>>> print(open('model-v8.txt').read())   # compact mmCIF, C-alpha atoms
# COMPACT_ATOMS: atom_id res chain seq x y z
CA TYR A 1 -191.88 36.20 60.64
CA TYR A 2 -192.57 33.70 57.85
CA ARG A 3 -193.33 36.11 55.00
CA PHE A 4 -190.52 38.63 55.28
CA ASP A 5 -189.48 37.98 51.67
CA GLU A 6 -192.78 39.58 50.64
CA ASP A 7 -192.11 42.45 53.00
CA LEU A 8 -188.72 43.01 51.39
CA SER A 9 -190.40 43.29 48.01
CA LEU A 10 -192.90 45.80 49.37
CA ILE A 11 -190.11 47.83 50.97
CA LYS A 12 -188.25 47.94 47.68
CA ASP A 13 -191.39 48.88 45.72
CA LEU A 14 -192.04 51.73 48.15
CA ASN A 15 -188.51 53.06 47.56
CA LEU A 16 -187.81 53.14 51.28
CA GLY A 17 -184.22 53.92 52.19
CA ALA A 18 -184.26 52.56 55.73
CA PHE A 19 -186.09 49.92 57.74
CA ARG A 20 -186.19 49.26 61.46
CA ILE A 21 -186.60 45.88 63.13
CA SER A 22 -186.75 44.83 66.77
CA LEU A 23 -185.18 41.67 68.16
CA ASN A 24 -186.88 39.14 70.43
CA TRP A 25 -184.62 38.85 73.46
CA PRO A 26 -186.33 35.74 74.98
CA ALA A 27 -186.38 33.88 71.65
CA LEU A 28 -182.74 34.63 70.88
CA LEU A 29 -181.41 33.70 74.30
CA GLY A 30 -183.74 30.79 75.06
CA ASP A 31 -184.26 29.62 78.63
CA ASP A 32 -180.73 30.37 79.83
CA ILE A 33 -180.31 34.09 80.51
CA ASN A 34 -176.68 33.40 81.43
CA GLY A 35 -176.00 31.63 78.15
CA THR A 36 -172.94 32.46 76.09
CA THR A 37 -174.54 31.69 72.72
CA LEU A 38 -177.75 32.66 70.96
CA ASP A 39 -180.30 30.31 69.43
CA ARG A 40 -178.91 29.43 66.00
CA GLY A 41 -182.30 29.23 64.30
CA GLN A 42 -183.28 32.71 65.47
CA VAL A 43 -179.88 34.13 64.53
CA GLU A 44 -180.22 32.73 61.01
CA HIS A 45 -183.72 34.20 60.71
CA TYR A 46 -182.50 37.67 61.57
CA ARG A 47 -179.43 37.31 59.37
CA LYS A 48 -181.62 36.41 56.38
CA LEU A 49 -183.88 39.38 57.02
CA LEU A 50 -181.03 41.85 57.48
CA THR A 51 -179.13 40.44 54.51
CA GLY A 52 -182.21 40.90 52.34
CA LEU A 53 -182.49 44.50 53.42
CA LYS A 54 -178.81 45.18 52.75
CA GLU A 55 -178.96 43.54 49.32
CA ASN A 56 -181.78 45.94 48.42
CA GLY A 57 -179.77 48.97 49.54
CA ILE A 58 -181.85 49.51 52.68
CA LYS A 59 -180.20 50.97 55.79
CA THR A 60 -180.81 48.70 58.77
CA PHE A 61 -181.91 49.97 62.20
CA VAL A 62 -181.93 47.24 64.86
CA THR A 63 -183.57 47.60 68.28
CA LEU A 64 -182.47 45.35 71.13
CA PHE A 65 -185.30 45.90 73.63
CA HIS A 66 -188.76 46.56 72.29
CA PHE A 67 -190.62 45.34 75.39
CA CYS A 68 -189.76 41.61 75.06
CA LEU A 69 -188.32 40.55 78.43
CA PRO A 70 -187.12 37.02 79.32
CA ASP A 71 -189.56 35.39 81.72
CA GLU A 72 -186.87 34.59 84.30
CA LEU A 73 -185.92 38.25 84.53
CA SER A 74 -189.58 39.26 84.68
CA GLN A 75 -190.14 36.91 87.60
CA LYS A 76 -187.22 38.55 89.40
CA GLY A 77 -188.69 42.03 89.10
CA GLY A 78 -187.85 42.99 85.53
CA TRP A 79 -186.38 46.47 85.22
CA LEU A 80 -186.74 47.04 88.95
CA ASN A 81 -183.94 44.51 89.47
CA PRO A 82 -180.35 45.65 88.72
CA GLU A 83 -179.66 42.16 87.34
CA THR A 84 -181.78 42.96 84.29
CA ALA A 85 -179.52 45.81 83.19
CA LYS A 86 -176.46 43.57 83.53
CA HIS A 87 -178.08 40.78 81.53
CA PHE A 88 -179.12 43.30 78.91
CA GLY A 89 -175.51 44.37 78.44
CA HIS A 90 -174.53 40.72 78.06
CA PHE A 91 -177.30 40.16 75.51
CA ALA A 92 -176.21 43.24 73.53
CA GLU A 93 -172.67 41.89 73.18
CA LEU A 94 -173.90 38.50 71.98
CA VAL A 95 -176.18 40.11 69.38
CA SER A 96 -173.46 42.47 68.20
CA LYS A 97 -171.14 39.54 67.64
CA GLU A 98 -173.73 37.63 65.58
CA LEU A 99 -175.40 40.45 63.64
CA GLY A 100 -173.08 43.44 63.85
CA ASP A 101 -171.82 43.14 60.29
CA LEU A 102 -175.38 43.66 59.00
CA VAL A 103 -176.43 46.60 61.22
CA ASP A 104 -176.10 50.24 60.14
CA TYR A 105 -177.67 51.79 63.26
CA TRP A 106 -178.30 50.32 66.70
CA ILE A 107 -181.09 51.24 69.11
CA THR A 108 -180.70 49.86 72.62
CA ILE A 109 -184.10 50.56 74.18
CA ASN A 110 -187.32 51.57 72.51
CA GLU A 111 -189.28 54.34 74.25
CA PRO A 112 -188.18 53.81 77.87
CA LEU A 113 -190.60 56.44 79.18
CA ALA A 114 -193.55 54.88 77.38
CA TYR A 115 -192.67 51.52 78.96
CA VAL A 116 -192.27 53.13 82.38
CA PHE A 117 -195.55 55.06 82.09
CA GLN A 118 -197.64 52.15 80.84
CA GLY A 119 -196.13 49.60 83.23
CA PHE A 120 -195.93 51.61 86.45
CA ILE A 121 -198.30 54.59 86.16
CA ALA A 122 -201.18 53.62 83.86
CA GLY A 123 -200.89 49.92 84.71
CA THR A 124 -201.92 48.81 81.22
CA TRP A 125 -198.68 46.92 80.43
CA PRO A 126 -196.71 44.43 82.52
CA PRO A 127 -195.83 44.55 85.36
CA GLY A 128 -199.16 46.38 85.78
CA TYR A 129 -198.50 48.80 88.65
CA LYS A 130 -200.67 51.90 88.91
CA TYR A 131 -199.50 55.34 90.01
CA ASP A 132 -196.32 53.91 91.55
CA TYR A 133 -193.95 56.74 90.75
CA LEU A 134 -191.13 55.40 92.90
CA LYS A 135 -191.10 52.11 91.00
CA ALA A 136 -191.42 54.02 87.73
CA PHE A 137 -188.35 56.13 88.46
CA THR A 138 -186.47 53.09 89.78
CA ALA A 139 -187.08 51.33 86.46
CA LEU A 140 -186.04 54.49 84.64
CA ARG A 141 -182.66 54.50 86.37
CA GLN A 142 -182.16 50.83 85.54
CA PHE A 143 -182.99 51.58 81.90
CA LEU A 144 -180.24 54.19 81.87
CA ILE A 145 -177.76 51.71 83.34
CA GLY A 146 -178.94 49.09 80.85
CA HIS A 147 -178.48 51.49 77.95
CA SER A 148 -174.93 52.24 79.08
CA LEU A 149 -174.03 48.55 79.46
CA ALA A 150 -175.65 47.69 76.12
CA TYR A 151 -173.70 50.49 74.43
CA ASP A 152 -170.48 48.99 75.76
CA GLY A 153 -171.56 45.49 74.77
CA ILE A 154 -172.32 46.51 71.20
CA ARG A 155 -169.00 48.33 70.92
CA VAL A 156 -167.09 45.09 71.50
CA HIS A 157 -167.96 43.94 67.98
CA SER A 158 -169.51 46.90 66.11
CA ARG A 159 -168.62 50.50 65.26
CA ALA A 160 -172.10 51.41 63.99
CA PRO A 161 -173.84 54.41 65.65
CA ILE A 162 -175.85 53.63 68.80
CA SER A 163 -178.80 55.42 70.37
CA PHE A 164 -182.12 54.83 72.17
CA THR A 165 -185.56 55.73 70.86
CA CYS A 166 -187.19 58.73 72.49
CA HIS A 167 -190.99 58.84 72.31
CA TRP A 168 -191.25 62.60 71.83
CA ARG A 169 -194.71 63.86 72.83
CA PRO A 170 -195.37 67.61 72.64
CA PHE A 171 -197.45 68.68 75.66
CA LEU A 172 -199.57 71.82 75.43
CA PRO A 173 -201.74 73.51 78.07
CA LYS A 174 -205.43 72.81 77.53
CA ASN A 175 -206.17 76.41 78.53
CA ARG A 176 -203.30 78.64 77.49
CA PHE A 177 -204.51 81.34 79.89
CA ASN A 178 -204.47 79.01 82.92
CA PRO A 179 -201.09 79.07 84.73
CA LEU A 180 -201.86 75.75 86.44
CA ASP A 181 -202.31 74.05 83.06
CA HIS A 182 -198.92 75.47 82.08
CA LEU A 183 -197.43 74.01 85.27
CA VAL A 184 -198.80 70.54 84.47
CA ARG A 185 -197.50 70.87 80.93
CA PHE A 186 -194.02 71.73 82.21
CA TYR A 187 -193.74 68.69 84.49
CA ARG A 188 -195.13 66.25 81.95
CA ASP A 189 -192.80 67.58 79.27
CA ASP A 190 -189.72 67.58 81.48
CA VAL A 191 -190.19 64.06 82.87
CA PHE A 192 -191.50 62.35 79.74
CA ASN A 193 -189.41 64.08 77.08
CA HIS A 194 -186.25 65.33 78.76
CA VAL A 195 -185.24 63.31 81.82
CA PHE A 196 -183.85 60.32 79.90
CA PRO A 197 -181.94 62.10 77.09
CA ARG A 198 -180.65 64.69 79.55
CA ALA A 199 -179.31 61.93 81.78
CA VAL A 200 -177.54 60.28 78.85
CA ASP A 201 -176.10 63.62 77.74
CA GLN A 202 -174.88 64.61 81.20
CA GLY A 203 -174.32 61.21 82.80
CA VAL A 204 -176.49 62.29 85.73
CA LEU A 205 -180.11 61.42 86.51
CA SER A 206 -182.06 64.39 87.87
CA PHE A 207 -185.72 65.25 88.37
CA PRO A 208 -187.37 68.68 88.55
CA LEU A 209 -188.52 70.27 91.80
CA PRO A 210 -190.44 69.30 93.89
CA LEU A 211 -189.81 65.67 92.86
CA SER A 212 -186.15 66.10 93.70
CA THR A 213 -187.03 66.89 97.34
CA ASN A 214 -188.56 63.45 97.95
CA LEU A 215 -186.07 61.38 99.98
CA SER A 216 -186.78 58.16 98.08
CA ILE A 217 -186.37 59.87 94.72
CA ILE A 218 -183.21 61.65 95.86
CA LYS A 219 -181.64 58.20 96.29
CA LEU A 220 -182.29 57.50 92.60
CA GLU A 221 -180.71 60.72 91.42
CA GLY A 222 -177.05 61.32 90.76
CA GLU A 223 -174.25 60.17 88.51
CA ILE A 224 -174.49 56.93 86.56
CA PRO A 225 -170.86 55.91 85.97
CA GLY A 226 -169.99 55.41 82.32
CA LEU A 227 -173.28 56.78 80.94
CA LYS A 228 -172.29 60.29 79.88
CA GLY A 229 -172.44 60.94 76.15
CA LYS A 230 -173.45 57.42 75.13
CA SER A 231 -175.72 58.45 72.26
CA ASP A 232 -174.36 58.79 68.72
CA TYR A 233 -177.51 60.13 67.08
CA LEU A 234 -181.02 61.24 67.97
CA ALA A 235 -183.78 58.68 67.40
CA ILE A 236 -187.32 60.00 67.81
CA ASN A 237 -190.74 58.37 67.52
CA TYR A 238 -193.44 61.00 67.05
CA TYR A 239 -197.17 60.23 67.11
CA THR A 240 -199.22 63.15 68.38
CA ARG A 241 -199.39 66.06 70.79
CA GLU A 242 -201.23 65.91 74.11
CA LEU A 243 -203.16 68.57 75.99
CA SER A 244 -202.49 68.99 79.70
CA ARG A 245 -204.80 70.40 82.36
CA PHE A 246 -204.75 70.79 86.10
CA ARG A 247 -207.29 68.73 88.00
>>> encode(input="model-v8.txt", output="structure tokens")
Amino acid sequence: YYRFDEDLSLIKDLNLGAFRISLNWPALLGDDINGTTLDRGQVEHYRKLLTGLKENGIKTFVTLFHFCLPDELSQKGGWLNPETAKHFGHFAELVSKELGDLVDYWITINEPLAYVFQGFIAGTWPPGYKYDYLKAFTALRQFLIGHSLAYDGIRVHSRAPISFTCHWRPFLPKNRFNPLDHLVRFYRDDVFNHVFPRAVDQGVLSFPLPLSTNLSIIKLEGEIPGLKGKSDYLAINYYTRELSRFR
């Protein structure tokens, strides 16, 4: 935060052509999630950083939500609460107005499935639920709504391409001769890698059988008005593959 001038020099020395940053939603908006202006000190910080990148010929990728959630929204349920998606759209418009002239590519949400998995299945990130698939899929739907509203908010002031970051994780069967390992691989791949981008592409949230026969999950499926096609490019984070086995 305080030594980004040195980082800019390193970026230039490395001959990098693009650099991605993530914004701090709570810091930019302060204590008032309904506010109509952003914190001027934080705006100036990000403008200096982005200006430095642009002056060095570096393409700028800016992420709006990289897991920083305002405390007030967290206390109200975070991404389980439809209010969060609406506030996210509002935040996106404010940021676009202040920084849009310095952004080459926008990313609304970083790795929504990683956030959903860690926060509602593994329980290692806030809000810390474990194996609560209904809450996980509820948050997933709200992320899709939030992405759509943020896309619209950005478009008020910016024409730069917009996407979300997909944490793409290749799943392979631990035993390629075991059909049950292949079945596990299929479900993990479909839910983790495909459900979100497919929903954005089609405008409809759907889950594979037998998940789609669960009455609570059925209520989460279906069209999300205004979502279809709201992705201008494909943004992928790739780390490693993962082996899957039936237990």
>>> residues_around(input="model-v8.txt", residues="stretch 145-158 of chain A", least_positions_apart="2", cutoff="7 Å", atoms="only C-alpha atoms", output="JSON, numbers by chain")
{"A": [85, 86, 88, 89, 90, 92, 93, 96, 97, 100, 108, 109, 141, 142, 143, 160, 162, 224, 226, 227, 230]}
>>> closest_residue(input="model-v8.txt", among="A:Leu140, A:Val191, A:Ala27, A:Leu102", to="A:Phe120", atoms="only C-alpha atoms")
A:Leu140
>>> closest_residue(input="model-v8.txt", among="A:Asn175, A:Thr165, A:Thr124, A:Ser206", to="A:Pro112", atoms="only C-alpha atoms")
A:Thr165
>>> residues_around(input="model-v8.txt", residues="stretch 55-59 of chain A", least_positions_apart="2", cutoff="10 Å", atoms="only C-alpha atoms", output="list in words")
Leu8, Ser9, Ile11, Lys12, Asn15, Leu16, Gly17, Ala18, Phe19, Arg20, Leu50, Thr51, Gly52, Leu53, Phe61, Val62, Leu102, Val103, Asp104 and Tyr105 of chain A
>>> atom_distance(input="model-v8.txt", atom1="atom CA of A:Gly77", atom2="atom CA of A:Glu111")
19.3 Å
>>> closest_residue(input="model-v8.txt", among="A:Leu80, A:Leu23, A:Leu243, A:Ala136", to="A:Phe186", atoms="all atoms listed in the file")
A:Leu243
>>> closest_residue(input="model-v8.txt", among="A:Trp106, A:Phe246, A:Tyr1, A:Tyr187", to="A:Thr63", atoms="only C-alpha atoms")
A:Trp106
>>> atom_distance(input="model-v8.txt", atom1="atom CA of A:Arg245", atom2="atom CA of A:Asn178")
8.6 Å
>>> atom_distance(input="model-v8.txt", atom1="atom CA of A:His182", atom2="atom CA of A:Val195")
18.3 Å
>>> closest_residue(input="model-v8.txt", among="A:His87, A:Arg241, A:Lys219, A:His167", to="A:Ile33", atoms="only C-alpha atoms")
A:His87
>>> closest_residue(input="model-v8.txt", among="A:Ile107, A:Leu94, A:Ile218, A:Ile121", to="A:Asn34", atoms="all atoms listed in the file")
A:Leu94
>>> residues_around(input="model-v8.txt", residues="A:Phe117", least_positions_apart="6", cutoff="10 Å", atoms="only C-alpha atoms", output="list in words")
Gly123, Thr124, Trp125, Tyr129, Lys130, Tyr131, Asp132, Tyr133, Ala136, Phe137, Leu140 and Phe192 of chain A
>>> residues_around(input="model-v8.txt", residues="A:Gln42", least_positions_apart="6", cutoff="12 Å", atoms="all atoms listed in the file", output="ChimeraX atom specification")
/A:1,23-30,48-49,95,98-99
>>> residues_around(input="model-v8.txt", residues="A:Arg169", least_positions_apart="4", cutoff="7 Å", atoms="only C-alpha atoms", output="MDAnalysis selection string")
chainID A and resid 193 238 240:242
>>> write_last_selection(input="model-v8.txt", atoms="C-alpha atoms", output="PDB file, in the frame of the given file")
ATOM      1  CA  ASN A 193    -189.410  64.080  77.080  1.00  0.00           C
ATOM      2  CA  TYR A 238    -193.440  61.000  67.050  1.00  0.00           C
ATOM      3  CA  THR A 240    -199.220  63.150  68.380  1.00  0.00           C
ATOM      4  CA  ARG A 241    -199.390  66.060  70.790  1.00  0.00           C
ATOM      5  CA  GLU A 242    -201.230  65.910  74.110  1.00  0.00           C
TER       6      GLU A 242
END
